[in-house]
file data-v8.pdb (PDB, C-alpha atoms and all ligand atoms)
ATOM      1  CA  MET A   1       0.000   0.000   0.000  1.00  0.00           C
ATOM      2  CA  PHE A   2       1.264   3.505  -0.777  1.00  0.00           C
ATOM      3  CA  VAL A   3       1.577   6.316   1.796  1.00  0.00           C
ATOM      4  CA  VAL A   4       1.136  10.045   1.203  1.00  0.00           C
ATOM      5  CA  GLU A   5       3.587  12.260   3.075  1.00  0.00           C
ATOM      6  CA  PRO A   6       5.394  15.598   2.842  1.00  0.00           C
ATOM      7  CA  ALA A   7       8.077  15.573   0.152  1.00  0.00           C
ATOM      8  CA  ARG A   8      11.756  15.616   1.055  1.00  0.00           C
ATOM      9  CA  LEU A   9      14.404  17.523  -0.836  1.00  0.00           C
ATOM     10  CA  ALA A  10      15.716  14.212  -2.160  1.00  0.00           C
ATOM     11  CA  ASP A  11      12.331  13.664  -3.891  1.00  0.00           C
ATOM     12  CA  ALA A  12      12.702  16.703  -6.169  1.00  0.00           C
ATOM     13  CA  ALA A  13      14.278  14.782  -9.069  1.00  0.00           C
ATOM     14  CA  ALA A  14      11.563  12.086  -8.977  1.00  0.00           C
ATOM     15  CA  ILE A  15       8.843  14.768  -8.828  1.00  0.00           C
ATOM     16  CA  HIS A  16      10.434  16.528 -11.788  1.00  0.00           C
ATOM     17  CA  GLU A  17      10.548  13.263 -13.738  1.00  0.00           C
ATOM     18  CA  LEU A  18       6.850  12.562 -13.080  1.00  0.00           C
ATOM     19  CA  VAL A  19       5.716  16.056 -14.015  1.00  0.00           C
ATOM     20  CA  THR A  20       7.919  16.052 -17.137  1.00  0.00           C
ATOM     21  CA  PHE A  21       6.523  12.664 -18.200  1.00  0.00           C
ATOM     22  CA  TRP A  22       2.928  13.976 -18.237  1.00  0.00           C
ATOM     23  CA  ALA A  23       3.824  17.460 -19.436  1.00  0.00           C
ATOM     24  CA  ASP A  24       5.578  15.956 -22.495  1.00  0.00           C
ATOM     25  CA  ARG A  25       2.253  14.257 -23.282  1.00  0.00           C
ATOM     26  CA  GLY A  26       0.365  17.541 -22.977  1.00  0.00           C
ATOM     27  CA  ASP A  27      -1.489  16.577 -19.772  1.00  0.00           C
ATOM     28  CA  MET A  28      -0.023  19.318 -17.585  1.00  0.00           C
ATOM     29  CA  LEU A  29       2.399  22.216 -17.661  1.00  0.00           C
ATOM     30  CA  HIS A  30       6.150  21.685 -17.354  1.00  0.00           C
ATOM     31  CA  ARG A  31       7.808  22.726 -14.120  1.00  0.00           C
ATOM     32  CA  PRO A  32      11.567  23.471 -14.003  1.00  0.00           C
ATOM     33  CA  ILE A  33      13.450  21.529 -11.354  1.00  0.00           C
ATOM     34  CA  GLY A  34      14.601  24.782  -9.745  1.00  0.00           C
ATOM     35  CA  GLU A  35      10.956  25.686  -9.084  1.00  0.00           C
ATOM     36  CA  ILE A  36      10.352  22.268  -7.568  1.00  0.00           C
ATOM     37  CA  TYR A  37      13.246  22.762  -5.134  1.00  0.00           C
ATOM     38  CA  GLU A  38      11.936  26.210  -4.221  1.00  0.00           C
ATOM     39  CA  ALA A  39       8.451  24.827  -3.598  1.00  0.00           C
ATOM     40  CA  ILE A  40       9.464  21.502  -2.048  1.00  0.00           C
ATOM     41  CA  ARG A  41       7.714  22.382   1.247  1.00  0.00           C
ATOM     42  CA  ASP A  42       4.436  22.650  -0.709  1.00  0.00           C
ATOM     43  CA  PHE A  43       4.740  19.131  -2.090  1.00  0.00           C
ATOM     44  CA  LYS A  44       3.202  15.834  -1.014  1.00  0.00           C
ATOM     45  CA  VAL A  45       4.425  12.593  -2.476  1.00  0.00           C
ATOM     46  CA  ALA A  46       2.848   9.164  -2.623  1.00  0.00           C
ATOM     47  CA  ARG A  47       5.461   6.550  -1.856  1.00  0.00           C
ATOM     48  CA  LEU A  48       5.355   2.837  -2.531  1.00  0.00           C
ATOM     49  CA  ASP A  49       8.254   0.718  -1.325  1.00  0.00           C
ATOM     50  CA  GLY A  50      10.290   3.907  -0.961  1.00  0.00           C
ATOM     51  CA  GLN A  51       9.655   5.021  -4.582  1.00  0.00           C
ATOM     52  CA  VAL A  52       7.767   8.205  -5.466  1.00  0.00           C
ATOM     53  CA  VAL A  53       4.668   7.113  -7.424  1.00  0.00           C
ATOM     54  CA  GLY A  54       2.716  10.369  -7.242  1.00  0.00           C
ATOM     55  CA  CYS A  55       3.056  14.027  -6.340  1.00  0.00           C
ATOM     56  CA  GLY A  56       1.075  17.202  -5.917  1.00  0.00           C
ATOM     57  CA  SER A  57       1.551  20.552  -4.237  1.00  0.00           C
ATOM     58  CA  LEU A  58      -0.533  23.053  -2.313  1.00  0.00           C
ATOM     59  CA  HIS A  59       0.568  26.579  -3.152  1.00  0.00           C
ATOM     60  CA  ILE A  60      -0.803  29.314  -0.885  1.00  0.00           C
ATOM     61  CA  MET A  61      -1.826  32.372  -2.914  1.00  0.00           C
ATOM     62  CA  GLY A  62      -3.229  34.693  -0.272  1.00  0.00           C
ATOM     63  CA  PRO A  63      -5.061  34.827   3.067  1.00  0.00           C
ATOM     64  CA  ASP A  64      -7.904  32.591   1.927  1.00  0.00           C
ATOM     65  CA  LEU A  65      -6.838  30.843  -1.264  1.00  0.00           C
ATOM     66  CA  ALA A  66      -4.490  28.056  -2.301  1.00  0.00           C
ATOM     67  CA  GLU A  67      -3.903  26.139  -5.516  1.00  0.00           C
ATOM     68  CA  VAL A  68      -3.310  22.430  -6.090  1.00  0.00           C
ATOM     69  CA  ARG A  69      -0.468  22.226  -8.602  1.00  0.00           C
ATOM     70  CA  SER A  70       1.625  19.612 -10.336  1.00  0.00           C
ATOM     71  CA  LEU A  71      -0.627  16.666  -9.535  1.00  0.00           C
ATOM     72  CA  ALA A  72       0.798  13.600 -11.236  1.00  0.00           C
ATOM     73  CA  VAL A  73       0.596   9.852 -10.712  1.00  0.00           C
ATOM     74  CA  ALA A  74       2.959   7.297 -12.245  1.00  0.00           C
ATOM     75  CA  GLU A  75       1.458   5.527 -15.249  1.00  0.00           C
ATOM     76  CA  SER A  76       1.793   2.136 -13.557  1.00  0.00           C
ATOM     77  CA  MET A  77      -0.148   3.363 -10.492  1.00  0.00           C
ATOM     78  CA  GLN A  78      -3.133   5.033 -12.159  1.00  0.00           C
ATOM     79  CA  GLY A  79      -6.599   4.181 -10.945  1.00  0.00           C
ATOM     80  CA  ARG A  80      -5.569   2.995  -7.464  1.00  0.00           C
ATOM     81  CA  GLY A  81      -6.584   6.024  -5.449  1.00  0.00           C
ATOM     82  CA  VAL A  82      -3.173   7.729  -5.439  1.00  0.00           C
ATOM     83  CA  GLY A  83      -4.377  10.960  -7.076  1.00  0.00           C
ATOM     84  CA  ALA A  84      -7.407  11.130  -4.787  1.00  0.00           C
ATOM     85  CA  ALA A  85      -5.207  10.596  -1.701  1.00  0.00           C
ATOM     86  CA  ILE A  86      -2.798  13.375  -2.710  1.00  0.00           C
ATOM     87  CA  VAL A  87      -5.654  15.815  -3.349  1.00  0.00           C
ATOM     88  CA  ALA A  88      -7.218  14.870   0.013  1.00  0.00           C
ATOM     89  CA  ALA A  89      -3.876  15.534   1.757  1.00  0.00           C
ATOM     90  CA  CYS A  90      -3.626  18.954   0.071  1.00  0.00           C
ATOM     91  CA  VAL A  91      -7.193  19.838   1.072  1.00  0.00           C
ATOM     92  CA  GLU A  92      -6.492  18.703   4.646  1.00  0.00           C
ATOM     93  CA  ASP A  93      -3.405  20.941   4.758  1.00  0.00           C
ATOM     94  CA  ALA A  94      -5.497  23.834   3.474  1.00  0.00           C
ATOM     95  CA  ARG A  95      -7.995  23.219   6.253  1.00  0.00           C
ATOM     96  CA  LEU A  96      -5.225  23.186   8.885  1.00  0.00           C
ATOM     97  CA  PHE A  97      -3.861  26.475   7.535  1.00  0.00           C
ATOM     98  CA  GLY A  98      -7.328  28.041   7.834  1.00  0.00           C
ATOM     99  CA  LEU A  99      -7.758  28.591   4.110  1.00  0.00           C
ATOM    100  CA  GLU A 100     -11.229  29.023   2.655  1.00  0.00           C
ATOM    101  CA  ARG A 101     -10.859  27.785  -0.910  1.00  0.00           C
ATOM    102  CA  VAL A 102      -8.589  25.473  -2.850  1.00  0.00           C
ATOM    103  CA  PHE A 103      -8.609  25.681  -6.624  1.00  0.00           C
ATOM    104  CA  ALA A 104      -6.912  23.974  -9.532  1.00  0.00           C
ATOM    105  CA  LEU A 105      -6.532  24.640 -13.233  1.00  0.00           C
ATOM    106  CA  THR A 106      -6.701  21.295 -14.935  1.00  0.00           C
ATOM    107  CA  TYR A 107      -7.292  19.282 -18.090  1.00  0.00           C
ATOM    108  CA  ARG A 108      -9.017  16.680 -15.863  1.00  0.00           C
ATOM    109  CA  PRO A 109     -11.954  18.546 -14.291  1.00  0.00           C
ATOM    110  CA  ALA A 110     -14.025  15.348 -13.950  1.00  0.00           C
ATOM    111  CA  PHE A 111     -11.340  13.840 -11.714  1.00  0.00           C
ATOM    112  CA  PHE A 112     -11.440  16.888  -9.424  1.00  0.00           C
ATOM    113  CA  GLU A 113     -15.254  16.881  -9.363  1.00  0.00           C
ATOM    114  CA  LYS A 114     -15.064  13.329  -8.000  1.00  0.00           C
ATOM    115  CA  GLN A 115     -12.919  14.723  -5.159  1.00  0.00           C
ATOM    116  CA  GLY A 116     -15.587  17.269  -4.190  1.00  0.00           C
ATOM    117  CA  PHE A 117     -14.452  20.222  -6.313  1.00  0.00           C
ATOM    118  CA  ARG A 118     -16.955  22.197  -8.419  1.00  0.00           C
ATOM    119  CA  LEU A 119     -16.418  23.792 -11.800  1.00  0.00           C
ATOM    120  CA  ALA A 120     -15.488  27.462 -11.489  1.00  0.00           C
ATOM    121  CA  ASN A 121     -14.714  30.499 -13.614  1.00  0.00           C
ATOM    122  CA  VAL A 122     -10.978  31.226 -13.617  1.00  0.00           C
ATOM    123  CA  LEU A 123     -11.829  34.895 -13.002  1.00  0.00           C
ATOM    124  CA  GLU A 124     -12.823  33.856  -9.460  1.00  0.00           C
ATOM    125  CA  PHE A 125      -9.033  33.702  -8.956  1.00  0.00           C
ATOM    126  CA  PRO A 126      -7.749  37.048 -10.261  1.00  0.00           C
ATOM    127  CA  GLN A 127      -4.490  36.700  -8.291  1.00  0.00           C
ATOM    128  CA  LYS A 128      -3.676  33.638 -10.424  1.00  0.00           C
ATOM    129  CA  VAL A 129      -4.751  35.152 -13.734  1.00  0.00           C
ATOM    130  CA  TRP A 130      -3.022  38.513 -13.360  1.00  0.00           C
ATOM    131  CA  ASN A 131       0.164  37.322 -11.644  1.00  0.00           C
ATOM    132  CA  GLU A 132       0.863  34.029 -13.392  1.00  0.00           C
ATOM    133  CA  CYS A 133      -1.444  33.137 -16.284  1.00  0.00           C
ATOM    134  CA  VAL A 134      -0.550  36.364 -18.097  1.00  0.00           C
ATOM    135  CA  ARG A 135       3.056  35.134 -18.272  1.00  0.00           C
ATOM    136  CA  CYS A 136       2.085  31.675 -19.545  1.00  0.00           C
ATOM    137  CA  PRO A 137       2.666  31.015 -23.277  1.00  0.00           C
ATOM    138  CA  PHE A 138      -0.830  29.456 -23.445  1.00  0.00           C
ATOM    139  CA  PHE A 139      -2.555  32.492 -21.870  1.00  0.00           C
ATOM    140  CA  THR A 140      -4.528  33.451 -24.989  1.00  0.00           C
ATOM    141  CA  ASN A 141      -5.316  29.839 -25.852  1.00  0.00           C
ATOM    142  CA  CYS A 142      -5.729  28.202 -22.438  1.00  0.00           C
ATOM    143  CA  LYS A 143      -7.581  24.877 -22.401  1.00  0.00           C
ATOM    144  CA  GLU A 144      -7.357  24.364 -18.638  1.00  0.00           C
ATOM    145  CA  VAL A 145     -10.575  24.318 -16.627  1.00  0.00           C
ATOM    146  CA  ALA A 146     -10.886  25.930 -13.201  1.00  0.00           C
ATOM    147  CA  VAL A 147     -12.247  23.872 -10.307  1.00  0.00           C
ATOM    148  CA  VAL A 148     -12.623  24.873  -6.668  1.00  0.00           C
ATOM    149  CA  TYR A 149     -13.146  23.201  -3.293  1.00  0.00           C
ATOM    150  CA  ASP A 150     -14.919  25.327  -0.724  1.00  0.00           C
ATOM    151  CA  LEU A 151     -13.698  24.793   2.850  1.00  0.00           C
ATOM    152  CA  ARG A 152     -16.045  27.306   4.359  1.00  0.00           C
ATOM    153  CA  GLY A 153     -18.699  25.643   6.450  1.00  0.00           C
ATOM    154  CA  PRO A 154     -22.386  26.231   6.046  1.00  0.00           C
ATOM    155  CA  ASP A 155     -23.466  29.802   6.730  1.00  0.00           C
ATOM    156  CA  ILE A 156     -24.650  29.786  10.357  1.00  0.00           C
ATOM    157  CA  SER A 157     -25.007  33.541  10.715  1.00  0.00           C
ATOM    158  CA  VAL A 158     -28.314  34.569  12.285  1.00  0.00           C
ATOM    159  CA  PRO A 159     -30.408  36.801  10.017  1.00  0.00           C
ATOM    160  CA  ARG A 160     -30.810  40.297  11.464  1.00  0.00           C
ATOM    161  CA  ALA A 161     -34.289  41.492  12.284  1.00  0.00           C
TER
HETATM  162  C1  LIG A 201      -5.582  12.646 -13.113  1.00  0.00           C
HETATM  163  C2  LIG A 201      -4.749  11.760 -12.193  1.00  0.00           C
HETATM  164  C3  LIG A 201      -3.999  12.624 -11.179  1.00  0.00           C
HETATM  165  C4  LIG A 201      -5.710  10.800 -11.451  1.00  0.00           C
HETATM  166  O1  LIG A 201      -4.946  10.027 -10.527  1.00  0.00           O
HETATM  167  P1  LIG A 201      -5.319   8.507 -10.210  1.00  0.00           P
HETATM  168  O2  LIG A 201      -4.484   8.073  -9.071  1.00  0.00           O
HETATM  169  O3  LIG A 201      -5.235   7.709 -11.465  1.00  0.00           O
HETATM  170  O4  LIG A 201      -6.849   8.645  -9.803  1.00  0.00           O
HETATM  171  P2  LIG A 201      -7.578   7.878  -8.576  1.00  0.00           P
HETATM  172  O5  LIG A 201      -7.321   6.425  -8.704  1.00  0.00           O
HETATM  173  O6  LIG A 201      -7.207   8.515  -7.297  1.00  0.00           O
HETATM  174  O7  LIG A 201      -9.089   8.206  -8.933  1.00  0.00           O
HETATM  175  C5  LIG A 201     -10.015   8.659  -7.964  1.00  0.00           C
HETATM  176  C6  LIG A 201     -11.373   8.716  -8.622  1.00  0.00           C
HETATM  177  O8  LIG A 201     -11.333   9.625  -9.724  1.00  0.00           O
HETATM  178  C7  LIG A 201     -11.689   8.930 -10.938  1.00  0.00           C
HETATM  179  N1  LIG A 201     -10.839   9.423 -12.018  1.00  0.00           N
HETATM  180  C8  LIG A 201      -9.515   9.210 -12.189  1.00  0.00           C
HETATM  181  N2  LIG A 201      -9.077   9.848 -13.297  1.00  0.00           N
HETATM  182  C9  LIG A 201     -10.166  10.444 -13.839  1.00  0.00           C
HETATM  183  C10 LIG A 201     -10.363  11.236 -15.007  1.00  0.00           C
HETATM  184  N3  LIG A 201      -9.354  11.551 -15.846  1.00  0.00           N
HETATM  185  N4  LIG A 201     -11.625  11.684 -15.242  1.00  0.00           N
HETATM  186  C11 LIG A 201     -12.654  11.386 -14.411  1.00  0.00           C
HETATM  187  N5  LIG A 201     -12.519  10.638 -13.280  1.00  0.00           N
HETATM  188  C12 LIG A 201     -11.291  10.177 -13.012  1.00  0.00           C
HETATM  189  C13 LIG A 201     -11.443   7.467 -10.651  1.00  0.00           C
HETATM  190  O9  LIG A 201     -12.260   6.651 -11.460  1.00  0.00           O
HETATM  191  C14 LIG A 201     -11.819   7.367  -9.187  1.00  0.00           C
HETATM  192  O10 LIG A 201     -13.223   7.306  -9.072  1.00  0.00           O
HETATM  193  P3  LIG A 201     -13.940   6.488  -7.857  1.00  0.00           P
HETATM  194  O11 LIG A 201     -13.623   7.299  -6.600  1.00  0.00           O
HETATM  195  O12 LIG A 201     -15.371   6.524  -8.225  1.00  0.00           O
HETATM  196  O13 LIG A 201     -13.316   5.145  -7.848  1.00  0.00           O
HETATM  197  C15 LIG A 201      -3.764  10.864 -12.994  1.00  0.00           C
HETATM  198  O14 LIG A 201      -4.483  10.192 -14.002  1.00  0.00           O
HETATM  199  C16 LIG A 201      -2.604  11.615 -13.635  1.00  0.00           C
HETATM  200  O15 LIG A 201      -1.544  11.742 -13.043  1.00  0.00           O
HETATM  201  N6  LIG A 201      -2.804  12.064 -14.876  1.00  0.00           N
HETATM  202  C17 LIG A 201      -1.752  12.734 -15.629  1.00  0.00           C
HETATM  203  C18 LIG A 201      -1.450  14.121 -15.121  1.00  0.00           C
HETATM  204  C19 LIG A 201      -2.708  14.923 -14.911  1.00  0.00           C
HETATM  205  O16 LIG A 201      -3.636  14.890 -15.732  1.00  0.00           O
HETATM  206  N7  LIG A 201      -2.749  15.643 -13.760  1.00  0.00           N
HETATM  207  C20 LIG A 201      -3.957  16.295 -13.258  1.00  0.00           C
HETATM  208  C21 LIG A 201      -4.263  17.535 -13.825  1.00  0.00           C
HETATM  209  S1  LIG A 201      -3.249  18.898 -13.421  1.00  0.00           S
END

call {"tool": "encode", "arguments": {"input": "data-v8.pdb", "output": "structure tokens"}}
result
Amino acid sequence: MFVVEPARLADAAAIHELVTFWADRGDMLHRPIGEIYEAIRDFKVARLDGQVVGCGSLHIMGPDLAEVRSLAVAESMQGRGVGAAIVAACVEDARLFGLERVFALTYRPAFFEKQGFRLANVLEFPQKVWNECVRCPFFTNCKEVAVVYDLRGPDISVPRA
């Protein structure tokens, strides 16, 4: 059985390899290894017999918002709950940090919907669009779909008289 745990610096090369594998196939965006080192504290890995078989990161973007990035599962481990477990670990982290929403931009919105995310408009996340997407080569032709997980509980405020 695999375990999901915080990444270690020594996992960066394996994370880079996984992301590159899927990015070369057009399933996600490439991520330079330098960026992976810089963000290593954001990363979770799924490990099986000591080997990294999946990864994903939770990138905090502001006081109430974080993004799930670089979610990738090894081809040989697809369909065994690894992706779902990594997303759940990211959402749990977000909850512990007191965040309100976790979003992702993805070519696999149906997978995220199964994990409790809902489809969203990317303009709900202006900090992403105007800080990062504008610098992306695919900005004017982006095929990624925005999804969001709402961590805010039900509204229990008492209506005023
Ligand atoms: C998308 C990805 C992360 C899913 O990981 P996985 O470990 O194979 O998925 P899981 O086994 O955890 O699947 C959990 C559930 O989602 C469903 N699911 C998996 N991939 C799906 C997809 N592409 N579309 C719809 N549902 C999907 C599974 O059937 C399963 O459903 P169940 O709970 O009813 O059994 C993986 O296929 C992957 O790494 N793809 C390449 C990179 C990529 O697309 N990254 C994500 C976008 S940024």

call {"tool": "residues_near_ligand", "arguments": {"input": "data-v8.pdb", "ligand": "ligand LIG 201 (chain A)", "cutoff": "7 Å", "atoms": "only C-alpha atoms and all ligand atoms", "output": "NGL selection string"}}
result
:A and (22 or 27-28 or 69-74 or 77-85 or 105-111 or 114)

call {"tool": "resolve_selection", "arguments": {"input": "data-v8.pdb", "expression": "the PyMOL selection byres (((chain A and resi 119-130) around 8) and not hetatm)", "output": "mmCIF file with C-alpha atoms, in the frame of the given file"}}
result
data_model
loop_
_atom_site.group_PDB
_atom_site.id
_atom_site.type_symbol
_atom_site.label_atom_id
_atom_site.label_comp_id
_atom_site.auth_asym_id
_atom_site.auth_seq_id
_atom_site.Cartn_x
_atom_site.Cartn_y
_atom_site.Cartn_z
ATOM 1 C CA MET A 61 -1.826 32.372 -2.914
ATOM 2 C CA LEU A 105 -6.532 24.640 -13.233
ATOM 3 C CA PRO A 109 -11.954 18.546 -14.291
ATOM 4 C CA GLU A 113 -15.254 16.881 -9.363
ATOM 5 C CA PHE A 117 -14.452 20.222 -6.313
ATOM 6 C CA ARG A 118 -16.955 22.197 -8.419
ATOM 7 C CA ASN A 131 0.164 37.322 -11.644
ATOM 8 C CA GLU A 132 0.863 34.029 -13.392
ATOM 9 C CA CYS A 133 -1.444 33.137 -16.284
ATOM 10 C CA VAL A 134 -0.550 36.364 -18.097
ATOM 11 C CA VAL A 145 -10.575 24.318 -16.627
ATOM 12 C CA ALA A 146 -10.886 25.930 -13.201
ATOM 13 C CA VAL A 147 -12.247 23.872 -10.307
ATOM 14 C CA VAL A 148 -12.623 24.873 -6.668
#

call {"tool": "closest_residue", "arguments": {"input": "data-v8.pdb", "among": "A:Ala23, A:Val68, A:Val3, A:Ile33", "to": "A:Val52", "atoms": "all atoms listed in the file"}}
result
A:Val3

call {"tool": "atom_distance", "arguments": {"input": "data-v8.pdb", "atom1": "atom CA of A:Val4", "atom2": "atom CA of A:Ile86"}}
result
6.5 Å

call {"tool": "axis_aligned_box", "arguments": {"input": "data-v8.pdb", "around": "stretch 60-63 of chain A", "padding_each_side": "3 Å", "output": "AutoDock Vina command-line options"}}
result
--center_x -2.9 --center_y 32.1 --center_z 0.1 --size_x 10.3 --size_y 11.5 --size_z 12.0

call {"tool": "closest_residue", "arguments": {"input": "data-v8.pdb", "among": "A:Cys136, A:Val91, A:Leu65, A:Cys55", "to": "A:Val19", "atoms": "all atoms listed in the file"}}
result
A:Cys55

call {"tool": "closest_residue", "arguments": {"input": "data-v8.pdb", "among": "A:Leu99, A:Leu48, A:Gly62, A:Glu17", "to": "A:Ile36", "atoms": "only C-alpha atoms"}}
result
A:Glu17

call {"tool": "atom_distance", "arguments": {"input": "data-v8.pdb", "atom1": "atom CA of A:Arg95", "atom2": "atom CA of A:His59"}}
result
13.2 Å

call {"tool": "closest_residue", "arguments": {"input": "data-v8.pdb", "among": "A:Ala10, A:Cys142, A:Leu96, A:Val87", "to": "A:Leu58", "atoms": "all atoms listed in the file"}}
result
A:Val87

call {"tool": "build_atoms", "arguments": {"input": "data-v8.pdb", "residues": "stretch 11-26 of chain A", "atoms": "N, CA, C and O atoms", "output": "CSV table (one decimal), in the frame of the given file"}}
result
chain,number,residue,atom,x,y,z
A,11,ASP,N,13.4,14.1,-3.0
A,11,ASP,CA,12.3,13.7,-3.9
A,11,ASP,C,12.2,14.6,-5.1
A,11,ASP,O,11.5,14.3,-6.1
A,12,ALA,N,12.9,15.7,-5.1
A,12,ALA,CA,12.7,16.7,-6.2
A,12,ALA,C,12.9,16.1,-7.6
A,12,ALA,O,12.2,16.4,-8.5
A,13,ALA,N,14.0,15.3,-7.7
A,13,ALA,CA,14.3,14.8,-9.1
A,13,ALA,C,13.2,13.8,-9.5
A,13,ALA,O,12.7,13.9,-10.7
A,14,ALA,N,12.6,13.0,-8.6
A,14,ALA,CA,11.6,12.1,-9.0
A,14,ALA,C,10.3,12.9,-9.3
A,14,ALA,O,9.5,12.5,-10.2
A,15,ILE,N,10.0,13.9,-8.6
A,15,ILE,CA,8.8,14.8,-8.8
A,15,ILE,C,9.0,15.4,-10.2
A,15,ILE,O,8.1,15.4,-11.0
A,16,HIS,N,10.2,15.9,-10.5
A,16,HIS,CA,10.4,16.5,-11.8
A,16,HIS,C,10.2,15.5,-12.9
A,16,HIS,O,9.6,15.8,-14.0
A,17,GLU,N,10.7,14.3,-12.7
A,17,GLU,CA,10.5,13.3,-13.7
A,17,GLU,C,9.1,13.0,-14.0
A,17,GLU,O,8.6,12.8,-15.2
A,18,LEU,N,8.3,12.9,-12.9
A,18,LEU,CA,6.8,12.6,-13.1
A,18,LEU,C,6.1,13.7,-13.8
A,18,LEU,O,5.3,13.4,-14.8
A,19,VAL,N,6.4,14.9,-13.4
A,19,VAL,CA,5.7,16.1,-14.0
A,19,VAL,C,6.1,16.2,-15.5
A,19,VAL,O,5.3,16.4,-16.4
A,20,THR,N,7.4,16.0,-15.8
A,20,THR,CA,7.9,16.1,-17.1
A,20,THR,C,7.3,15.0,-18.0
A,20,THR,O,6.9,15.2,-19.2
A,21,PHE,N,7.1,13.8,-17.4
A,21,PHE,CA,6.5,12.7,-18.2
A,21,PHE,C,5.1,13.1,-18.7
A,21,PHE,O,4.8,12.9,-19.9
A,22,TRP,N,4.3,13.6,-17.8
A,22,TRP,CA,2.9,14.0,-18.2
A,22,TRP,C,2.9,15.3,-19.0
A,22,TRP,O,2.1,15.4,-19.9
A,23,ALA,N,3.8,16.2,-18.7
A,23,ALA,CA,3.8,17.5,-19.4
A,23,ALA,C,4.2,17.2,-20.9
A,23,ALA,O,3.7,17.8,-21.8
A,24,ASP,N,5.2,16.3,-21.1
A,24,ASP,CA,5.6,16.0,-22.5
A,24,ASP,C,4.4,15.4,-23.3
A,24,ASP,O,4.4,15.5,-24.5
A,25,ARG,N,3.4,14.8,-22.6
A,25,ARG,CA,2.3,14.3,-23.3
A,25,ARG,C,1.1,15.3,-23.4
A,25,ARG,O,0.0,14.9,-23.8
A,26,GLY,N,1.4,16.5,-22.9
A,26,GLY,CA,0.4,17.5,-23.0
A,26,GLY,C,-0.7,17.5,-21.9
A,26,GLY,O,-1.7,18.1,-22.0
